[in-house]
>>> print(open('my_file29.csv').read())   # CSV, C-alpha atoms
chain,number,residue,atom,x,y,z
J,7,MET,CA,0.0,0.0,0.0
J,8,LEU,CA,1.3,3.4,-1.0
J,9,GLU,CA,-0.2,6.1,1.3
J,10,ILE,CA,-0.1,9.8,0.6
J,11,GLN,CA,-1.3,11.8,3.5
J,12,LYS,CA,-1.8,15.6,3.5
J,13,VAL,CA,1.1,16.2,1.2
J,14,SER,CA,1.8,19.8,0.3
J,15,LYS,CA,4.5,21.4,-1.7
J,16,ARG,CA,5.3,25.1,-2.2
J,17,TYR,CA,7.6,26.6,-4.8
J,18,GLY,CA,8.1,30.2,-3.6
J,19,ALA,CA,4.8,31.9,-4.0
J,20,VAL,CA,3.3,28.9,-5.8
J,21,GLN,CA,1.3,26.3,-3.9
J,22,ALA,CA,2.1,23.3,-6.1
J,23,LEU,CA,0.3,20.8,-4.0
J,24,SER,CA,-2.0,21.3,-1.0
J,25,ASP,CA,-3.2,18.6,1.4
J,26,VAL,CA,-3.2,15.7,-1.1
J,27,THR,CA,-4.4,12.5,0.4
J,28,PHE,CA,-5.1,9.1,-1.2
J,29,SER,CA,-3.7,5.6,-1.2
J,30,VAL,CA,-3.1,3.0,-3.8
J,31,GLY,CA,-3.0,-0.7,-3.4
J,32,PRO,CA,-1.6,-3.7,-5.3
J,33,SER,CA,-2.8,-4.4,-8.8
J,34,GLU,CA,-4.5,-1.0,-9.3
J,35,VAL,CA,-4.0,0.9,-12.6
J,36,VAL,CA,-4.6,4.5,-11.6
J,37,GLY,CA,-4.8,7.4,-14.0
J,38,LEU,CA,-3.6,10.8,-12.7
J,39,PHE,CA,-5.2,13.7,-14.6
J,40,GLY,CA,-5.0,17.4,-14.5
J,41,GLU,CA,-4.1,20.5,-16.5
J,42,ASN,CA,-0.5,21.5,-17.1
J,43,GLY,CA,0.9,22.8,-13.9
J,44,SER,CA,-1.8,21.2,-11.8
J,45,GLY,CA,0.8,19.3,-9.7
J,46,LYS,CA,0.9,15.9,-11.3
J,47,THR,CA,4.7,15.8,-11.7
J,48,THR,CA,5.3,17.4,-8.3
J,49,LEU,CA,3.2,14.7,-6.7
J,50,MET,CA,5.1,11.9,-8.5
J,51,LYS,CA,8.4,13.4,-7.6
J,52,SER,CA,7.3,13.7,-4.0
J,53,ILE,CA,6.3,10.1,-3.9
J,54,LEU,CA,9.7,9.1,-5.4
J,55,GLY,CA,11.6,11.1,-2.8
J,56,LEU,CA,13.1,13.3,-5.5
J,57,GLN,CA,12.1,16.5,-3.6
J,58,SER,CA,11.1,17.7,-0.2
J,59,PHE,CA,7.5,18.1,0.8
J,60,LYS,CA,5.2,18.6,3.7
J,61,GLY,CA,3.1,15.7,4.9
J,62,ILE,CA,3.5,12.0,4.9
J,63,ILE,CA,4.2,9.4,2.2
J,64,LEU,CA,4.3,5.8,3.3
J,65,LEU,CA,5.1,2.6,1.5
J,66,ASP,CA,3.6,-0.3,3.4
J,67,GLY,CA,3.8,1.9,6.6
J,68,GLN,CA,7.4,3.0,6.0
J,69,PRO,CA,8.7,6.3,4.7
J,70,VAL,CA,10.4,6.1,1.3
J,71,THR,CA,14.2,5.9,1.9
J,72,ARG,CA,17.2,4.4,0.2
J,73,SER,CA,16.3,1.0,1.6
J,74,ASN,CA,12.9,0.7,0.0
J,75,ALA,CA,13.1,3.2,-2.9
J,76,ASN,CA,13.7,0.3,-5.4
J,77,ARG,CA,10.1,-0.8,-4.8
J,78,LEU,CA,9.2,2.3,-6.8
J,79,SER,CA,10.1,3.0,-10.4
J,80,PHE,CA,9.6,6.0,-12.6
J,81,ALA,CA,9.2,6.6,-16.4
J,82,SER,CA,9.1,10.1,-17.6
J,83,THR,CA,10.0,12.0,-20.7
J,84,GLU,CA,13.2,13.4,-19.1
J,85,HIS,CA,15.2,10.5,-20.4
J,86,SER,CA,16.9,8.9,-17.5
J,87,CYS,CA,18.6,6.3,-19.6
J,88,PHE,CA,22.4,6.5,-19.9
J,89,PRO,CA,22.9,8.0,-23.4
J,90,PHE,CA,26.3,6.2,-23.9
J,91,LEU,CA,25.1,2.8,-22.9
J,92,THR,CA,23.3,0.4,-25.2
J,93,ALA,CA,20.1,-1.5,-24.3
J,94,ALA,CA,22.2,-4.5,-23.6
J,95,ASP,CA,24.4,-2.4,-21.2
J,96,HIS,CA,21.2,-1.2,-19.5
J,97,GLU,CA,20.1,-4.7,-18.9
J,98,ALA,CA,23.5,-5.6,-17.3
J,99,TYR,CA,23.4,-2.4,-15.2
J,100,TYR,CA,19.8,-3.0,-14.0
J,101,ALA,CA,20.4,-6.6,-13.3
J,102,LYS,CA,23.4,-5.6,-11.1
J,103,HIS,CA,21.6,-2.9,-9.2
J,104,PHE,CA,18.1,-4.2,-8.8
J,105,PRO,CA,17.9,-7.7,-7.3
J,106,LYS,CA,14.3,-8.1,-8.6
J,107,PHE,CA,15.1,-7.0,-12.2
J,108,ARG,CA,12.8,-8.8,-14.5
J,109,ARG,CA,15.2,-10.0,-17.1
J,110,GLU,CA,12.7,-12.3,-19.0
J,111,ARG,CA,10.3,-9.4,-19.3
J,112,TYR,CA,13.1,-7.1,-20.4
J,113,VAL,CA,14.2,-9.4,-23.2
J,114,MET,CA,10.6,-9.9,-24.3
J,115,LEU,CA,9.8,-6.2,-24.4
J,116,THR,CA,13.0,-5.1,-26.1
J,117,LYS,CA,12.3,-7.7,-28.7
J,118,PHE,CA,8.6,-6.9,-29.2
J,119,PHE,CA,9.3,-3.2,-29.5
J,120,GLU,CA,12.4,-3.9,-31.7
J,121,ILE,CA,14.8,-1.9,-29.6
J,122,PRO,CA,18.3,-2.1,-31.1
J,123,LEU,CA,20.3,-3.8,-28.4
J,124,ASN,CA,23.8,-2.7,-29.4
J,125,ARG,CA,23.6,1.0,-30.2
J,126,PRO,CA,24.0,3.7,-27.5
J,127,ILE,CA,20.6,4.8,-26.4
J,128,GLY,CA,21.5,8.5,-27.0
J,129,ASN,CA,21.9,7.7,-30.7
J,130,LEU,CA,18.4,6.3,-31.0
J,131,SER,CA,15.2,8.3,-31.8
J,132,TYR,CA,13.2,10.1,-29.1
J,133,GLY,CA,10.5,7.6,-29.7
J,134,ILE,CA,12.8,4.6,-28.9
J,135,GLN,CA,14.3,6.4,-25.9
J,136,SER,CA,10.9,7.0,-24.5
J,137,GLN,CA,10.0,3.3,-25.0
J,138,MET,CA,13.2,2.4,-23.2
J,139,GLU,CA,12.2,4.5,-20.3
J,140,VAL,CA,8.9,2.6,-19.9
J,141,ILE,CA,10.5,-0.7,-20.5
J,142,LEU,CA,13.1,-0.1,-17.7
J,143,ALA,CA,10.4,1.2,-15.3
J,144,LEU,CA,8.4,-2.0,-16.0
J,145,CYS,CA,11.4,-4.3,-15.6
J,146,GLN,CA,13.2,-2.8,-12.5
J,147,GLY,CA,11.2,-5.1,-10.3
J,148,ALA,CA,9.3,-2.3,-8.6
J,149,GLU,CA,5.8,-2.9,-7.2
J,150,TYR,CA,4.8,0.7,-7.8
J,151,ILE,CA,5.4,1.9,-11.3
J,152,LEU,CA,5.0,5.6,-11.8
J,153,MET,CA,4.8,7.0,-15.2
J,154,ASP,CA,4.7,10.7,-16.0
J,155,GLU,CA,3.3,11.3,-19.5
J,156,PRO,CA,5.5,8.5,-20.8
J,157,PHE,CA,3.9,8.1,-24.2
J,158,VAL,CA,4.3,11.5,-25.7
J,159,ASN,CA,6.9,10.6,-28.2
J,160,TYR,CA,5.1,7.4,-29.2
J,161,ASP,CA,3.0,6.9,-32.3
J,162,LEU,CA,-0.6,5.8,-31.8
J,163,LEU,CA,-0.1,2.1,-32.6
J,164,ASN,CA,2.9,1.9,-30.3
J,165,ARG,CA,0.8,3.3,-27.4
J,166,GLU,CA,-1.9,0.8,-28.0
J,167,ASP,CA,0.6,-2.0,-27.9
J,168,PHE,CA,2.1,-0.7,-24.7
J,169,TYR,CA,-1.3,-0.5,-23.0
J,170,LYS,CA,-2.1,-4.1,-24.0
J,171,ILE,CA,1.3,-5.5,-23.2
J,172,ILE,CA,1.3,-3.8,-19.8
J,173,LEU,CA,-2.2,-5.3,-19.0
J,174,GLY,CA,-1.0,-8.7,-20.0
J,175,LEU,CA,2.3,-8.6,-18.1
J,176,LEU,CA,1.3,-7.0,-14.8
J,177,GLU,CA,1.6,-9.3,-11.8
J,178,PRO,CA,-1.0,-9.0,-8.9
J,179,ASP,CA,1.5,-7.2,-6.7
J,180,GLU,CA,2.3,-4.5,-9.3
J,181,THR,CA,0.6,-1.1,-9.4
J,182,ILE,CA,0.6,1.6,-12.1
J,183,LEU,CA,0.2,5.3,-11.4
J,184,LEU,CA,0.0,6.9,-14.8
J,185,SER,CA,-0.1,10.7,-15.4
J,186,THR,CA,-1.3,11.6,-18.8
J,187,HIS,CA,-3.4,13.9,-21.0
J,188,LEU,CA,-4.5,11.1,-23.2
J,189,ILE,CA,-7.6,10.6,-21.2
J,190,GLU,CA,-9.8,9.0,-23.9
J,191,GLU,CA,-7.1,6.6,-24.8
J,192,VAL,CA,-6.5,5.2,-21.2
J,193,GLU,CA,-10.2,5.1,-20.2
J,194,GLY,CA,-10.3,1.3,-20.6
J,195,PHE,CA,-6.8,0.8,-19.4
J,196,ILE,CA,-7.2,2.2,-15.9
J,197,ASN,CA,-9.5,1.2,-13.1
J,198,ARG,CA,-9.4,4.4,-11.2
J,199,ALA,CA,-9.0,8.1,-11.8
J,200,LEU,CA,-7.4,10.8,-9.7
J,201,LEU,CA,-8.2,14.4,-10.7
J,202,ILE,CA,-5.8,17.2,-9.7
J,203,HIS,CA,-6.6,20.8,-10.1
J,204,GLU,CA,-4.4,23.7,-8.8
J,205,GLY,CA,-2.5,21.3,-6.5
J,206,LYS,CA,-5.6,19.8,-4.9
J,207,LEU,CA,-7.0,16.4,-5.4
J,208,VAL,CA,-10.5,17.2,-6.5
J,209,ASP,CA,-11.7,13.7,-7.3
J,210,ASP,CA,-10.8,10.1,-6.7
J,211,ILE,CA,-13.2,7.8,-8.5
J,212,SER,CA,-13.3,4.3,-10.0
J,213,THR,CA,-13.9,4.0,-13.7
J,214,GLU,CA,-16.6,1.5,-12.8
J,215,THR,CA,-18.5,4.2,-11.0
J,216,ILE,CA,-18.1,6.6,-13.9
J,217,GLU,CA,-19.3,4.0,-16.3
J,218,ALA,CA,-22.3,3.1,-14.1
J,219,SER,CA,-23.3,6.8,-14.2
J,220,GLY,CA,-23.6,6.5,-18.0
J,221,THR,CA,-20.9,9.0,-18.8
J,222,SER,CA,-17.4,8.6,-20.3
J,223,LEU,CA,-14.2,9.4,-18.5
J,224,ILE,CA,-13.4,12.4,-20.7
J,225,ASP,CA,-16.9,13.9,-20.2
J,226,TYR,CA,-16.6,13.3,-16.5
J,227,VAL,CA,-13.2,15.0,-16.4
J,228,LYS,CA,-14.4,18.0,-18.4
J,229,LYS,CA,-17.4,18.4,-16.1
J,230,THR,CA,-15.2,18.2,-13.0
J,231,TYR,CA,-12.9,20.9,-14.5
J,232,GLY,CA,-15.9,23.1,-15.5
J,233,TYR,CA,-14.9,22.9,-19.2
J,234,GLN,CA,-17.0,25.3,-21.1
J,235,SER,CA,-17.6,23.8,-24.5
J,236,ASP,CA,-19.3,27.0,-25.8
J,237,ARG,CA,-16.1,29.1,-25.4
J,238,VAL,CA,-14.7,28.0,-28.7
J,239,GLY,CA,-17.8,29.1,-30.5
J,240,GLN,CA,-17.9,32.4,-28.6
J,241,ALA,CA,-14.3,33.2,-29.4
J,242,LEU,CA,-14.7,32.4,-33.0
J,243,ALA,CA,-17.9,34.4,-33.2
J,244,GLU,CA,-16.1,37.5,-31.8
J,245,ILE,CA,-13.5,37.3,-34.6
J,246,THR,CA,-15.7,36.3,-37.5
J,247,GLY,CA,-18.8,38.4,-36.4
J,248,ASP,CA,-20.8,35.2,-36.9
J,249,ILE,CA,-23.4,35.2,-34.2
J,250,GLY,CA,-25.5,32.4,-35.7
R,29,MET,CA,-10.5,-20.8,-28.5
R,30,ILE,CA,-13.0,-18.0,-29.0
R,31,SER,CA,-11.6,-15.3,-31.2
R,32,PHE,CA,-12.2,-11.6,-30.3
R,33,ASP,CA,-10.8,-10.4,-33.6
R,34,THR,CA,-14.2,-9.1,-34.7
R,35,PHE,CA,-14.9,-7.4,-31.4
R,36,HIS,CA,-15.0,-3.7,-32.0
R,37,PRO,CA,-16.2,-1.7,-29.0
R,38,VAL,CA,-18.4,1.3,-29.6
R,39,ASP,CA,-18.6,4.5,-27.5
R,40,GLY,CA,-21.2,5.0,-24.9
R,41,VAL,CA,-21.9,1.4,-23.9
R,42,PRO,CA,-20.0,-0.2,-21.0
R,43,ILE,CA,-17.3,-2.6,-22.3
R,44,TYR,CA,-18.3,-5.5,-20.1
R,45,GLN,CA,-21.8,-5.3,-21.6
R,46,GLN,CA,-20.4,-5.3,-25.1
R,47,ILE,CA,-18.3,-8.4,-24.3
R,48,LEU,CA,-21.5,-10.1,-23.0
R,49,LEU,CA,-23.4,-9.2,-26.1
R,50,PHE,CA,-20.5,-10.3,-28.3
R,51,ILE,CA,-20.6,-13.8,-26.7
R,52,LYS,CA,-24.4,-14.0,-26.9
R,53,ARG,CA,-24.5,-12.9,-30.5
R,54,GLY,CA,-21.8,-15.4,-31.3
R,55,ALA,CA,-23.7,-18.2,-29.6
R,56,VAL,CA,-26.9,-17.4,-31.5
R,57,ALA,CA,-25.1,-17.1,-34.8
R,58,GLY,CA,-23.4,-20.5,-34.1
R,59,THR,CA,-19.8,-19.1,-34.3
R,60,ILE,CA,-19.4,-19.7,-30.6
R,61,ARG,CA,-20.4,-23.3,-29.6
R,62,ASP,CA,-20.9,-25.3,-26.5
R,63,GLY,CA,-17.6,-26.2,-24.9
R,64,ASP,CA,-15.6,-23.5,-26.7
R,65,GLU,CA,-12.8,-22.1,-24.6
R,66,LEU,CA,-12.5,-18.4,-23.7
R,67,PRO,CA,-9.1,-16.7,-23.6
R,68,SER,CA,-7.8,-16.3,-20.0
R,69,ARG,CA,-8.9,-13.1,-18.3
R,70,ARG,CA,-5.4,-11.7,-18.5
R,71,MET,CA,-5.0,-12.5,-22.1
R,72,LEU,CA,-8.4,-11.0,-23.0
R,73,SER,CA,-7.5,-7.9,-21.0
R,74,ALA,CA,-4.3,-7.6,-23.0
R,75,LEU,CA,-5.9,-8.4,-26.4
R,76,LEU,CA,-8.6,-5.8,-25.9
R,77,GLY,CA,-6.5,-3.3,-24.0
R,78,ILE,CA,-9.0,-3.1,-21.2
R,79,ASN,CA,-8.6,-3.3,-17.4
R,80,PRO,CA,-8.7,-6.8,-15.9
R,81,ASN,CA,-11.5,-5.6,-13.6
R,82,THR,CA,-13.7,-5.0,-16.6
R,83,VAL,CA,-12.9,-8.4,-18.0
R,84,GLN,CA,-13.5,-9.9,-14.6
R,85,LYS,CA,-16.9,-8.2,-14.5
R,86,ALA,CA,-17.9,-9.6,-17.9
R,87,PHE,CA,-16.8,-13.1,-16.9
R,88,HIS,CA,-18.9,-12.8,-13.7
R,89,LEU,CA,-22.0,-11.9,-15.6
R,90,LEU,CA,-21.4,-14.7,-18.1
R,91,GLU,CA,-21.1,-17.1,-15.1
R,92,ASP,CA,-24.3,-15.6,-13.5
R,93,GLU,CA,-26.2,-16.3,-16.7
R,94,ASN,CA,-24.8,-19.8,-16.8
R,95,LEU,CA,-23.2,-19.2,-20.2
R,96,ILE,CA,-19.7,-20.2,-19.1
R,97,THR,CA,-18.2,-22.4,-16.4
R,98,SER,CA,-14.8,-21.5,-15.0
R,99,GLN,CA,-12.4,-24.0,-13.4
R,100,MET,CA,-9.9,-22.8,-10.8
R,101,GLY,CA,-6.5,-22.4,-12.5
R,102,ALA,CA,-7.9,-23.6,-15.8
R,103,GLY,CA,-9.9,-21.7,-18.4
R,104,SER,CA,-13.5,-20.9,-18.9
R,105,ASN,CA,-15.7,-22.8,-21.3
R,106,MET,CA,-19.0,-22.1,-22.9
R,107,THR,CA,-22.0,-24.1,-21.7
R,108,LEU,CA,-24.7,-23.8,-24.3
R,109,SER,CA,-27.6,-26.1,-24.6
R,110,GLU,CA,-30.2,-26.0,-27.4
R,111,ASP,CA,-32.6,-24.4,-24.9
R,112,LYS,CA,-30.1,-21.9,-23.8
R,113,ILE,CA,-29.4,-20.8,-27.4
R,114,ARG,CA,-33.1,-20.5,-28.0
R,115,GLU,CA,-33.5,-18.3,-24.9
R,116,LEU,CA,-30.6,-16.1,-26.1
R,117,ARG,CA,-32.1,-15.7,-29.5
R,118,GLU,CA,-35.4,-14.6,-28.0
R,119,GLU,CA,-33.6,-12.2,-25.6
R,120,LEU,CA,-31.5,-10.6,-28.4
R,121,LEU,CA,-34.4,-10.4,-30.7
R,122,ALA,CA,-36.6,-8.7,-28.1
R,123,ASP,CA,-33.8,-6.2,-27.4
R,124,ASP,CA,-33.4,-5.4,-31.1
R,125,ILE,CA,-37.1,-5.1,-31.8
R,126,ARG,CA,-37.4,-2.8,-28.7
R,127,SER,CA,-34.7,-0.5,-29.9
R,128,ILE,CA,-36.0,-0.3,-33.5
R,129,THR,CA,-39.5,0.3,-32.3
R,130,ALA,CA,-38.2,3.1,-30.0
R,131,SER,CA,-36.3,4.9,-32.8
R,132,LEU,CA,-39.3,4.6,-35.2
R,133,LYS,CA,-41.6,6.1,-32.6
R,134,GLN,CA,-39.1,8.8,-31.9
R,135,MET,CA,-39.2,9.7,-35.6
R,136,GLY,CA,-43.0,10.0,-35.4
R,137,ILE,CA,-43.7,7.0,-37.5
R,138,ASP,CA,-47.0,5.2,-36.8
R,139,LYS,CA,-47.5,1.5,-36.6
R,140,ALA,CA,-48.9,1.0,-40.1
R,141,GLU,CA,-46.1,2.9,-41.7
R,142,ALA,CA,-43.5,1.1,-39.6
R,143,LEU,CA,-44.8,-2.3,-40.8
R,144,ARG,CA,-44.8,-1.0,-44.4
R,145,LEU,CA,-41.2,0.0,-44.0
R,146,ILE,CA,-40.2,-3.3,-42.7
R,147,GLU,CA,-42.1,-5.1,-45.4
R,148,ARG,CA,-40.4,-3.0,-48.1
R,149,ASN,CA,-37.0,-3.7,-46.6
R,150,TRP,CA,-37.5,-7.3,-46.1
R,151,GLU,CA,-36.9,-8.4,-49.6
R,152,ASP,CA,-33.9,-6.1,-50.2
R,153,THR,CA,-32.0,-6.9,-47.0
R,154,GLU,CA,-29.5,-9.7,-47.0
R,155,ALA,CA,-29.4,-12.1,-44.1
>>> encode(input="my_file29.csv", output="structure tokens")
Amino acid sequence: MLEIQKVSKRYGAVQALSDVTFSVGPSEVVGLFGENGSGKTTLMKSILGLQSFKGIILLDGQPVTRSNANRLSFASTEHSCFPFLTAADHEAYYAKHFPKFRRERYVMLTKFFEIPLNRPIGNLSYGIQSQMEVILALCQGAEYILMDEPFVNYDLLNREDFYKIILGLLEPDETILLSTHLIEEVEGFINRALLIHEGKLVDDISTETIEASGTSLIDYVKKTYGYQSDRVGQALAEITGDIG
Amino acid sequence: MISFDTFHPVDGVPIYQQILLFIKRGAVAGTIRDGDELPSRRMLSALLGINPNTVQKAFHLLEDENLITSQMGAGSNMTLSEDKIRELREELLADDIRSITASLKQMGIDKAEALRLIERNWEDTEA
């Protein structure tokens, strides 16, 4: 269980997170949604111990420290791969540093996504580098796999393959926390949605509940954020003088 | 093994209901038969790219309606008797008729005209 209790973070005058509280258990696939600057990345970095924060974050009752941090993994678009190392080198490095490194899964994923094994990662396309990020996060052997907009450099079919492969690979003790703007795409993939707005957790709801209410995730999210669908028409009407 | 290659989910209807309907239609059409094996829950989740909970829910409903039996550790298989298939055909037919009737009424078409429309279409429509 990963527990986030009253977590707040301030950058100077900006309150990036305020009193965020929720917990995530094994085998959940949780979507984290919010506008740019709403605090998604700040929340993830707090969980990972990459920055200071106010409040409490516990992993099975223990604070996240060097001794249990390998139970968390992180894929982002910041390219944490070693640019001069090849995919094969990464495998050796991860196997050495993470006792629970999932080698079989790594071999399968690099093969499936046709990652060149013997070229330095830095020489490969952004798309492939992003795929490597996700593959490493999935193979580290972590139970809590955090992903921050991991699929931005992917093409559509690639993303679909990743969603499917992840669903097929996940063990019961693995949990995904995925921050993304691709709300419509991940609707079926996740089982729970966390909605962040201006640093506050404004909703925490299962997709089953959303579905039972007869609405789609994207419409639910838009409603929660007070999206005004008529604004586009109004703005265009002001320019074009078209009031019809 | 039951193939889901022709399963194409549409918007606005819960996926687990669509899985249920896919199986029922297959059973009525004869493409899914008694004893046929379903993919494992995990495999189906991956194939369709949908959360395992959703697949689980569909399987539960299929079990509740006695359309499948699941063995621990093994797979799930269809249980379809002649009677069951007849029941399903009636159920699906009733649903379809209900929705067609509803949309005809919504368009302000009266009963006589509706019957005329069906009559006219009957000959031209392929099975």
>>> atom_distance(input="my_file29.csv", atom1="atom CA of Tyr44 of chain R", atom2="atom CA of Asp154 of chain J")
28.4 Å
>>> atom_distance(input="my_file29.csv", atom1="atom CA of Met114 of chain J", atom2="atom CA of Arg165 of chain J")
16.7 Å
>>> interface_residues(input="my_file29.csv", of="chain R", to="chain J", cutoff="12 Å", atoms="all atoms listed in the file", output="list in words")
Pro37, Val38, Asp39, Gly40, Val41, Pro42, Ile43, Tyr44, Gln45, Pro67, Ser68, Arg69, Arg70, Met71, Leu72, Ser73, Ala74, Leu75, Leu76, Gly77, Ile78, Asn79, Pro80, Asn81, Thr82, Val83, Gln84 and Lys85 of chain R
>>> atom_distance(input="my_file29.csv", atom1="atom CA of Lys46 of chain J", atom2="atom CA of Tyr112 of chain J")
27.6 Å
>>> closest_residue(input="my_file29.csv", among="J:Tyr99, J:Tyr150, J:Phe118, J:Phe80", to="Gly31 of chain J", atoms="all atoms listed in the file")
J:Tyr150
>>> residues_around(input="my_file29.csv", residues="segment 87-100 of chain R", least_positions_apart="5", cutoff="10 Å", atoms="only C-alpha atoms", output="mmCIF file with C-alpha atoms, in the frame of the given file")
data_model
loop_
_atom_site.group_PDB
_atom_site.id
_atom_site.type_symbol
_atom_site.label_atom_id
_atom_site.label_comp_id
_atom_site.auth_asym_id
_atom_site.auth_seq_id
_atom_site.Cartn_x
_atom_site.Cartn_y
_atom_site.Cartn_z
ATOM 1 C CA TYR R 44 -18.300 -5.500 -20.100
ATOM 2 C CA GLN R 45 -21.800 -5.300 -21.600
ATOM 3 C CA ILE R 47 -18.300 -8.400 -24.300
ATOM 4 C CA LEU R 48 -21.500 -10.100 -23.000
ATOM 5 C CA LEU R 49 -23.400 -9.200 -26.100
ATOM 6 C CA ILE R 51 -20.600 -13.800 -26.700
ATOM 7 C CA LYS R 52 -24.400 -14.000 -26.900
ATOM 8 C CA ALA R 55 -23.700 -18.200 -29.600
ATOM 9 C CA ASP R 62 -20.900 -25.300 -26.500
ATOM 10 C CA GLY R 63 -17.600 -26.200 -24.900
ATOM 11 C CA ASP R 64 -15.600 -23.500 -26.700
ATOM 12 C CA GLU R 65 -12.800 -22.100 -24.600
ATOM 13 C CA LEU R 66 -12.500 -18.400 -23.700
ATOM 14 C CA ARG R 69 -8.900 -13.100 -18.300
ATOM 15 C CA ASN R 81 -11.500 -5.600 -13.600
ATOM 16 C CA THR R 82 -13.700 -5.000 -16.600
ATOM 17 C CA ASN R 105 -15.700 -22.800 -21.300
ATOM 18 C CA MET R 106 -19.000 -22.100 -22.900
ATOM 19 C CA THR R 107 -22.000 -24.100 -21.700
ATOM 20 C CA LEU R 108 -24.700 -23.800 -24.300
ATOM 21 C CA SER R 109 -27.600 -26.100 -24.600
ATOM 22 C CA LYS R 112 -30.100 -21.900 -23.800
ATOM 23 C CA ILE R 113 -29.400 -20.800 -27.400
ATOM 24 C CA LEU R 116 -30.600 -16.100 -26.100
#
>>> residues_around(input="my_file29.csv", residues="Ile224 of chain J", least_positions_apart="5", cutoff="9 Å", atoms="all atoms listed in the file", output="VMD selection string")
chain J and resid 189 to 190 193 229
>>> residues_near_point(input="my_file29.csv", point="(-29.1, -18.9, -33.4)", cutoff="7 Å", atoms="all atoms listed in the file", output="compact mmCIF listing (two decimals) with C-alpha atoms, in the frame of the given file")
# COMPACT_ATOMS: atom_id res chain seq x y z
CA ALA R 55 -23.70 -18.20 -29.60
CA VAL R 56 -26.90 -17.40 -31.50
CA ALA R 57 -25.10 -17.10 -34.80
CA GLY R 58 -23.40 -20.50 -34.10
CA ILE R 113 -29.40 -20.80 -27.40
CA ARG R 114 -33.10 -20.50 -28.00
CA ARG R 117 -32.10 -15.70 -29.50
>>> residues_around(input="my_file29.csv", residues="Glu155 of chain J", least_positions_apart="2", cutoff="12 Å", atoms="all atoms listed in the file", output="PyMOL selection string")
chain J and resi 37-40+42+46-47+50+80-85+136-137+139-140+152-153+157-160+165+183-189+192
>>> residues_around(input="my_file29.csv", residues="segment 142-153 of chain R", least_positions_apart="3", cutoff="9 Å", atoms="all atoms listed in the file", output="CSV table (one decimal) with C-alpha atoms, in the coordinates of the input")
chain,number,residue,atom,x,y,z
R,129,THR,CA,-39.5,0.3,-32.3
R,132,LEU,CA,-39.3,4.6,-35.2
R,133,LYS,CA,-41.6,6.1,-32.6
R,137,ILE,CA,-43.7,7.0,-37.5
R,138,ASP,CA,-47.0,5.2,-36.8
R,139,LYS,CA,-47.5,1.5,-36.6
>>> closest_residue(input="my_file29.csv", among="J:Val227, J:Gln11, J:Val208, J:Leu64", to="Phe28 of chain J", atoms="only C-alpha atoms")
J:Gln11
